[in-house]
Amino acid sequence: MSRALFGALLFSVAFAAALPAQERLTPEQARGRAESLRAEIAHHDELYFKRSAPEISDAAYDRLKRELAALEREYSALATGDAAPGDDRTGGFPTLRHRTRMLGLAKTYTEAELRAFLAQARRQAGAAAVGFVIEPKFDGLAISVTYERGQLVRAVTRGDGTEGDDVTANFLALCAVPRRLASAVAVPEVIELRGEVFMTYAEFRRINAEAAAAGGEPFAHPRNLAAGTLKQQAAGSPHRQLEVVFYGWGAVEPAALAPASQQDLHRLIRAWGLPGVEDARLGETDDAVWRAVQEFGAKRAKWPFPTDGAVVKVDAVALRSRLGETGDVPRWAVAYKFPPDQAVTRVLGITLQIGRTGALTPVAELEPVKLGGSVIRRVSLHNRDEIARRDIRVGDFVRIEKAGEIIPAVVGVDKDRRPSGAGPFVFPVECPSCRTRLAAEAGVSAVRCPNRACPAQVQRRLEYFASDDCADLAGFGPGVIAKLVDQRLVREPADLFGLEPARLKTTVGEKTAAKLLAAAAQGRAREHWRFVLGLGVAGVGPASAKAVARRFPDLAALSQAATADWLDASGASSRVPGLSDEAARAWAEFLAVPDNRATVERLHAAIHIR
Ligand code: IVH
């Protein structure tokens with residue numbers, strides 16, 4: 001599918017009034033473009049809402065939506081009318097109806113758009129003075145939490161605005177939130193408090209470091225991780241800390257106890273002992289509102305939580321009622337989205353990274369470029385389908401930005417600057433390391449090298465086994481391991497403990513050999529769970545490894561475990577306390593391969609030799 005994102009980018013700058021003359025499309029072209037935009041948006045909605053694994057940044061997604069909206073405005077026959085925001089319901093949770101509908105927010109992207117909103121709100125409010133409250137736009141997922149007689153009884157996601165997923169149990173287990181309202185001020189019979197569930201950057205980094213140590217893909221954005229965490233259903237899923245902040249309300253009974261203004265809400269939230277918005281500002285004039293928004297923009301990098309904009313709300317509830325709402329958004333509030341940091345650079349090459357489990361990840365090697373305080377040299381292109389879908393070629397100029405301020409991603413390709421000789425990237429059919437024919441599973445984007453003896457995989461597995469988290473074999477870095485693999489001295493973890501001193505000496509030199517032998521001798525005494533982790537079973541991190549180590553007290557016992565020790569008769573649920581169903585399945589699959597079983601047995605023997 002042609003994306004012409006770069007064009008979209010230039011295009012959206014000028015979209016507000018009308019399409020610039022040179023951008024005018026024939027009705028046929030416009031229809032085609034609108035159709036491909038809708039398909040693309042649907043594709044990203046699926047990744048975002050159903051799989052919590054987005055491939056493009058928010059800003060890139062917003063641009064697609066805006067380009068479609070601009071096209072539909074200009075060519076009104078194109079509109080399908082289904083502009084409703086995504087539905088976060090994932091299935092697997094009971095559906096509950098909100099007492100009062102949960103609205104979304106209209107978005108603005110420029111100072112002019114924001115000022116137009118302020119002017120319109122002042123006009124419609126018809127009041128001499130309209131005060132606005134400016135809050136950070138927390139980047140998580142919206143939640144409605146009901147307190148009855150001061151007791152927390154329900155937590156429900158936004159869903160389609162009318163009804164959402166009942167996630168009360170997970171919310172209580174994962175979010176630090178008071179279950180009772182402090183009664184410093186009157187507590188209503190019923191109040192629906194509206195807020196955002198999110199994950200701090202610190203927690204996000206902690207979890208990503210763990211995922212990396214387990215050889216998994218990092219999570220792209222704390223928002224998606226927060227959403228996935230709140231909706232996780234596997235018993236024994238690892239604990240991940242979530243936070244909540246309350247910034248609004250729905251139904252209140254009796255109505256007399258409802259907040260009279262946004263500032264009043266902030267006071268009540270504090271008095272009830274709940275987490276509220278700490279950085280809210282009051283703006284009486286348009287200039288003051290714009291200043292506050294800009295200050296948030298400058299400060300947000302220092303906030304410990306993710307934000308993607310500011311929210312501007314009419315303070316007084318009496319004025320809000322006058323303004324009302326249109327469709328799914330109120331006329332008394334608007335979001336201003338911060339522009340993302342971007343850079344343009346050139347793709348110097350596309351390389352393939354082979355992971356421990358044989359998965360091939362294409363990586364764009366870039367001309368180094370500064371972006372948001374760091375120098376970017378490489379960016380993941382995810383998988384074969386993604387390169388083809390976006391038609392990224394060696395020699396292309398690409399626009400990159402950081403998804404969630406953290407992981408760089410390609411958001412656009414400038415096809416006008418493409419060098420004449422640049423052909424489409426041809427994904428190899430053979431593993432670049434061992435020449436085995438690559439395997440692609442139906443319905444899965446990943447392409448794998450199926451050869452477990454593939455030197456690149458062996459290298460990755462041994463690097464992982466020797467790393468700090470696992471056996472912690474000092475001196476066994478990637479360079480040393482590459483030499484040992486090359487000389488066929490090592491193939492699997494057990495080999496690292498049985499190195500023959502004379503051969504080792506000729507391969508790495510006398511001094512290094514002595515160090516390696518000492519490290520291996522010491523490594524034998526590491527805790528059992530670290531060896532379990534070091535086996536590198538896909539998707540298994542320290543928490544799962546500890547659960548497995550508790551159930552199977554040594555590697556000999558582990559190597560003899562049967563499928564029935566991992567999974568129940570239906571093959572669906574974990575039998576190992578503290579281990580998720582997914583991880584239990586991964587272990588059962590791992591040990592179903594006789595070679596893997598032998599690897600575990602040999603490792604057991606190697607670390608028990610005295
Ligand atoms: S007020 C009727 N305030 O942004 C007003 N929303 O894009 C409803 N959000 O669904 C929302 N921070 O999940 C409000 N300070 C804030 C917010 C905020 C983040 C989210 C919320 C909403 C989305 C709209």
# chains A, B, ... in the order shown; residues from 1 in each chain; ligands from 1
call {"tool": "residues_near_ligand", "arguments": {"ligand": "ligand 1", "cutoff": "10 Å", "atoms": "only C-alpha atoms and all ligand atoms", "output": "count of residues only"}}
result
56
call {"tool": "residues_around", "arguments": {"residues": "segment 515-517 of chain A", "least_positions_apart": "3", "cutoff": "12 Å", "atoms": "only C-alpha atoms", "output": "MDAnalysis selection string"}}
result
chainID A and resid 466 472:477 480:481 484 495:505 507:512 520:524
call {"tool": "closest_residue", "arguments": {"among": "A:Ala543, A:Leu489, A:Ala186, A:Ala70", "to": "Ala214 of chain A", "atoms": "only C-alpha atoms"}}
result
A:Ala543
call {"tool": "residues_around", "arguments": {"residues": "segment 424-434 of chain A", "least_positions_apart": "6", "cutoff": "8 Å", "atoms": "only C-alpha atoms", "output": "list in words"}}
result
Leu352, Arg384, Ile387, Ala388, Asp391, Ile392, Arg393, Val394, Cys449, Cys454, Pro455 and Ala456 of chain A
call {"tool": "select_by_dssp", "arguments": {"residues": "segment 316-392 of chain A", "states": "alpha helix (DSSP H)", "output": "list in words"}}
result
Val317, Ala318, Leu319, Arg320, Ser321, Arg322, Leu323, Arg384, Asp385, Glu386, Ile387, Ala388, Arg389 and Arg390 of chain A
call {"tool": "atom_distance", "arguments": {"atom1": "atom CA of Arg526 of chain A", "atom2": "atom CA of Cys470 of chain A"}}
result
8.3 Å
call {"tool": "select_by_dssp", "arguments": {"residues": "segment 398-585 of chain A", "states": "strand (DSSP E or B)", "output": "list in words"}}
result
Val398, Arg399, Ile400, Glu401, Lys402, Ala403, Ile407, Pro408, Ala409, Val410, Val411, Gly412, Val413, Glu430, Arg437, Ala439, Ala440, Val447, Arg448, Leu567 and Ser574 of chain A
call {"tool": "atom_distance", "arguments": {"atom1": "atom CA of Arg399 of chain A", "atom2": "atom CA of Val411 of chain A"}}
result
5.7 Å
call {"tool": "residues_around", "arguments": {"residues": "Leu282 of chain A", "least_positions_apart": "3", "cutoff": "9 Å", "atoms": "only C-alpha atoms", "output": "list in words"}}
result
Gly131, Phe132, Val133, Ile134, Gln263, Ala288, Val289, Ala292 and Asp315 of chain A
call {"tool": "residues_around", "arguments": {"residues": "Trp529 of chain A", "least_positions_apart": "4", "cutoff": "7 Å", "atoms": "only C-alpha atoms", "output": "number ranges by chain"}}
result
A: 533, 545-546, 549
call {"tool": "atom_distance", "arguments": {"atom1": "atom CA of Ser467 of chain A", "atom2": "atom CA of Arg602 of chain A"}}
result
19.4 Å
call {"tool": "residues_around", "arguments": {"residues": "Glu365 of chain A", "least_positions_apart": "3", "cutoff": "6 Å", "atoms": "only C-alpha atoms", "output": "ChimeraX atom specification"}}
result
/A:347-350,378
call {"tool": "write_last_selection", "arguments": {"atoms": "C-alpha atoms", "output": "mmCIF file, in the first residue's frame"}}
result
data_model
loop_
_atom_site.group_PDB
_atom_site.id
_atom_site.type_symbol
_atom_site.label_atom_id
_atom_site.label_comp_id
_atom_site.auth_asym_id
_atom_site.auth_seq_id
_atom_site.Cartn_x
_atom_site.Cartn_y
_atom_site.Cartn_z
ATOM 1 C CA VAL A 347 18.888 4.900 5.222
ATOM 2 C CA LEU A 348 22.460 3.704 4.611
ATOM 3 C CA GLY A 349 21.561 0.052 4.715
ATOM 4 C CA ILE A 350 19.093 -2.507 5.954
ATOM 5 C CA ARG A 378 19.581 2.495 13.900
#
call {"tool": "residues_around", "arguments": {"residues": "Asp565 of chain A", "least_positions_apart": "2", "cutoff": "9 Å", "atoms": "only C-alpha atoms", "output": "list in words"}}
result
Ala561, Ala562, Thr563, Leu567, Asp568, Ser574, Arg575, Val576 and Ala588 of chain A
call {"tool": "closest_residue", "arguments": {"among": "A:Leu172, A:Ala220, A:Val532, A:Val379", "to": "Glu243 of chain A", "atoms": "only C-alpha atoms"}}
result
A:Leu172
call {"tool": "closest_residue", "arguments": {"among": "A:Val344, A:Ile607, A:Ala583, A:Leu174", "to": "Asp554 of chain A", "atoms": "only C-alpha atoms"}}
result
A:Ile607
call {"tool": "closest_residue", "arguments": {"among": "A:Glu111, A:Phe305, A:Glu189, A:Val130", "to": "Val153 of chain A", "atoms": "only C-alpha atoms"}}
result
A:Glu189
call {"tool": "closest_atom_pairs", "arguments": {"of": "segment 294-402 of chain A", "to": "segment 29-50 of chain A", "cutoff": "12 Å", "atoms": "only C-alpha atoms", "output": "Markdown table"}}
result
| residue | atom | partner | partner_atom | distance |
| --- | --- | --- | --- | --- |
| A:Glu386 | CA | A:His43 | CA | 11.8 |
| A:Arg389 | CA | A:Glu40 | CA | 10.1 |
| A:Arg390 | CA | A:Glu40 | CA | 10.8 |
